[in-house]
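Structure, as structure tokens:
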Amino acid sequence: MPVTHMNSKVAAYQQVAAHGSVAAADPQRLITLLLDGALTRIAEARGCLQRAAREEKTNHLRRALAIVTELRACLALEHGELPANLDRLYEFVERQLLRAHTDSSAHLLDDASGVLNEIRAAWILLPRR
């Protein structure tokens, strides 16, 4: 079997597995999966930055930004201080990602991923409902 054919089968399997875990996820797990996705895209953008792969970096940053924007849009701001604080943190991450797009600075990506890692750690510690 040619390598490219094998790679496409592996990619298809990974896509089905990812969709299956999303479909079966409770809301808390879904948020963790989204955070993981954003963190992965930021790490990939950082690698592209080091390789000077501008177009790839832009694509990864766009995907990370879309995830963070969606997480922010889902906040129930009417429920008090915690969602409002998360909103400010997500806004900060969005700003850092946008700045990283134009400034090509690794520390901006580190700032964004640091905040998202802290949020992720807090989500994991929450008791399951």
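Following the order of the structure tokens, first chain is A, next is B, and so on, with residues numbered from 1 inside each chain and ligands from 1 in the order they appear.
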**Item:** Contacts of stretch 74-83 of chain A within 12 Å, only C-alpha atoms, excl. fewer than 6 positions in-chain, as a PyMOL selection string
**Value:** chain A and resi 27+31+34+67-68+89-90+119+122
**Message:** Just want the 9 Å neighbourhood of A:Leu98, counted on only C-alpha atoms, with same-chain residues fewer than 6 positions away dropped. Output as a PyMOL selection string.
**Reply:** chain A and resi 61-62+65
If you keep N, CA and C atoms, can you produce a file of those selected residues as an mmCIF file, in the first residue's frame?
data_model
loop_
_atom_site.group_PDB
_atom_site.id
_atom_site.type_symbol
_atom_site.label_atom_id
_atom_site.label_comp_id
_atom_site.auth_asym_id
_atom_site.auth_seq_id
_atom_site.Cartn_x
_atom_site.Cartn_y
_atom_site.Cartn_z
ATOM 1 N N LEU A 61 -2.765 30.340 13.713
ATOM 2 C CA LEU A 61 -3.242 31.426 14.579
ATOM 3 C C LEU A 61 -4.724 31.702 14.347
ATOM 4 N N ARG A 62 -5.156 31.659 13.098
ATOM 5 C CA ARG A 62 -6.582 31.856 12.800
ATOM 6 C C ARG A 62 -7.438 30.785 13.473
ATOM 7 N N LEU A 65 -7.474 31.391 17.211
ATOM 8 C CA LEU A 65 -8.312 32.560 17.487
ATOM 9 C C LEU A 65 -9.795 32.207 17.354
#
**Non-local contacts of A:Leu116 (12 Å; only C-alpha atoms; under 3 positions in same chain excluded) as JSON, numbers by chain** = {"A": [31, 32, 33, 34, 35, 36, 37, 38, 39, 40, 41, 42, 43, 64, 65, 67, 68, 71, 86, 89, 90, 91, 92, 93, 94, 96, 97, 109, 110, 111, 112, 113, 119, 120, 121, 122, 123]}
**Item:** Separation of atom CA of A:Arg51 from atom CA of A:Thr69 in Å
**Value:**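 Calculated distance between atom CA of A:Thr69 and atom CA of A:Arg51 is 26.7 Å.
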With only C-alpha atoms as the counted atoms, please give the residues lying no more than 9 Å from A:Thr58, apart from itself and same-chain residues fewer than 4 positions off, as a JSON list (two decimals) with all heavy atoms, in the first residue's frame.
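Result file follows (selection-v8.json):
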[["chain", "number", "residue", "atom", "x", "y", "z"],
["A", 45, "ALA", "N", 1.75, 27.08, 15.64],
["A", 45, "ALA", "CA", 2.12, 28.42, 15.15],
["A", 45, "ALA", "C", 3.51, 28.79, 15.63],
["A", 45, "ALA", "O", 4.29, 29.41, 14.88],
["A", 45, "ALA", "CB", 1.10, 29.45, 15.63],
["A", 48, "CYS", "N", 5.97, 27.09, 13.45],
["A", 48, "CYS", "CA", 6.02, 27.79, 12.15],
["A", 48, "CYS", "C", 6.81, 29.09, 12.26],
["A", 48, "CYS", "O", 7.54, 29.45, 11.33],
["A", 48, "CYS", "CB", 4.60, 28.08, 11.65],
["A", 48, "CYS", "SG", 3.68, 26.59, 11.20],
["A", 53, "ALA", "N", 7.70, 29.97, 8.54],
["A", 53, "ALA", "CA", 6.61, 29.55, 7.66],
["A", 53, "ALA", "C", 5.40, 30.44, 7.94],
["A", 53, "ALA", "O", 4.50, 30.08, 8.69],
["A", 53, "ALA", "CB", 6.28, 28.07, 7.91],
["A", 54, "ARG", "N", 5.41, 31.62, 7.35],
["A", 54, "ARG", "CA", 4.42, 32.66, 7.66],
["A", 54, "ARG", "C", 2.99, 32.24, 7.35],
["A", 54, "ARG", "O", 2.09, 32.47, 8.15],
["A", 54, "ARG", "CB", 4.76, 33.94, 6.92],
["A", 54, "ARG", "CG", 6.03, 34.61, 7.42],
["A", 54, "ARG", "CD", 6.28, 35.91, 6.69],
["A", 54, "ARG", "NE", 5.16, 36.82, 6.83],
["A", 54, "ARG", "CZ", 5.11, 37.84, 7.68],
["A", 54, "ARG", "NH1", 6.12, 38.05, 8.47],
["A", 54, "ARG", "NH2", 4.06, 38.63, 7.73],
["A", 62, "ARG", "N", -5.16, 31.66, 13.10],
["A", 62, "ARG", "CA", -6.58, 31.86, 12.80],
["A", 62, "ARG", "C", -7.44, 30.78, 13.47],
["A", 62, "ARG", "O", -8.50, 31.08, 14.02],
["A", 62, "ARG", "CB", -6.83, 31.80, 11.29],
["A", 62, "ARG", "CG", -6.56, 33.07, 10.59],
["A", 62, "ARG", "CD", -7.06, 33.00, 9.16],
["A", 62, "ARG", "NE", -6.55, 34.12, 8.43],
["A", 62, "ARG", "CZ", -6.02, 34.04, 7.21],
["A", 62, "ARG", "NH1", -5.96, 32.89, 6.59],
["A", 62, "ARG", "NH2", -5.56, 35.11, 6.63],
["A", 63, "ARG", "N", -6.98, 29.55, 13.40],
["A", 63, "ARG", "CA", -7.74, 28.46, 14.02],
["A", 63, "ARG", "C", -7.78, 28.60, 15.54],
["A", 63, "ARG", "O", -8.83, 28.39, 16.16],
["A", 63, "ARG", "CB", -7.16, 27.12, 13.59],
["A", 63, "ARG", "CG", -7.39, 26.86, 12.09],
["A", 63, "ARG", "CD", -6.67, 25.66, 11.58],
["A", 63, "ARG", "NE", -7.29, 24.44, 12.05],
["A", 63, "ARG", "CZ", -6.74, 23.25, 11.92],
["A", 63, "ARG", "NH1", -5.57, 23.12, 11.31],
["A", 63, "ARG", "NH2", -7.35, 22.17, 12.37],
["A", 101, "HIS", "N", 0.38, 37.54, 15.28],
["A", 101, "HIS", "CA", 0.25, 37.46, 13.83],
["A", 101, "HIS", "C", 1.08, 38.55, 13.15],
["A", 101, "HIS", "O", 1.77, 38.29, 12.16],
["A", 101, "HIS", "CB", -1.22, 37.59, 13.41],
["A", 101, "HIS", "CG", -1.42, 37.72, 11.95],
["A", 101, "HIS", "ND1", -1.14, 36.71, 11.07],
["A", 101, "HIS", "CD2", -1.85, 38.75, 11.20],
["A", 101, "HIS", "CE1", -1.39, 37.11, 9.84],
["A", 101, "HIS", "NE2", -1.82, 38.36, 9.90]]
**Prompt:** By how many Å are atom CA of A:Arg72 and atom CA of A:Asp87 apart?
**Reply:**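 Distance between the two atoms: 5.8 Å.
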**Message:** Which residues are near A:Ser104? Cut-off 8 Å, only C-alpha atoms, ignore same chain within fewer than 4 positions. Put them as a PyMOL selection string.
**Reply:** chain A and resi 49+99-100
Create the file for the chosen residues now, containing all heavy atoms and written as an mmCIF file, in the first residue's frame.
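Dumped to part-v6.cif:
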data_model
loop_
_atom_site.group_PDB
_atom_site.id
_atom_site.type_symbol
_atom_site.label_atom_id
_atom_site.label_comp_id
_atom_site.auth_asym_id
_atom_site.auth_seq_id
_atom_site.Cartn_x
_atom_site.Cartn_y
_atom_site.Cartn_z
ATOM 1 N N LEU A 49 6.666 29.767 13.382
ATOM 2 C CA LEU A 49 7.409 31.005 13.614
ATOM 3 C C LEU A 49 8.910 30.721 13.585
ATOM 4 O O LEU A 49 9.673 31.448 12.958
ATOM 5 C CB LEU A 49 6.990 31.609 14.955
ATOM 6 C CG LEU A 49 7.659 32.890 15.393
ATOM 7 C CD1 LEU A 49 7.291 34.020 14.454
ATOM 8 C CD2 LEU A 49 7.246 33.235 16.813
ATOM 9 N N ARG A 99 -1.678 40.044 17.954
ATOM 10 C CA ARG A 99 -0.365 40.698 17.959
ATOM 11 C C ARG A 99 0.721 39.754 17.443
ATOM 12 O O ARG A 99 1.625 40.165 16.721
ATOM 13 C CB ARG A 99 -0.010 41.192 19.360
ATOM 14 C CG ARG A 99 -0.804 42.424 19.779
ATOM 15 C CD ARG A 99 -0.462 42.902 21.174
ATOM 16 N NE ARG A 99 0.960 43.213 21.294
ATOM 17 C CZ ARG A 99 1.642 43.161 22.435
ATOM 18 N NH1 ARG A 99 1.033 42.822 23.558
ATOM 19 N NH2 ARG A 99 2.921 43.458 22.471
ATOM 20 N N ALA A 100 0.617 38.475 17.808
ATOM 21 C CA ALA A 100 1.606 37.480 17.352
ATOM 22 C C ALA A 100 1.555 37.323 15.837
ATOM 23 O O ALA A 100 2.563 37.017 15.203
ATOM 24 C CB ALA A 100 1.363 36.143 18.031
#
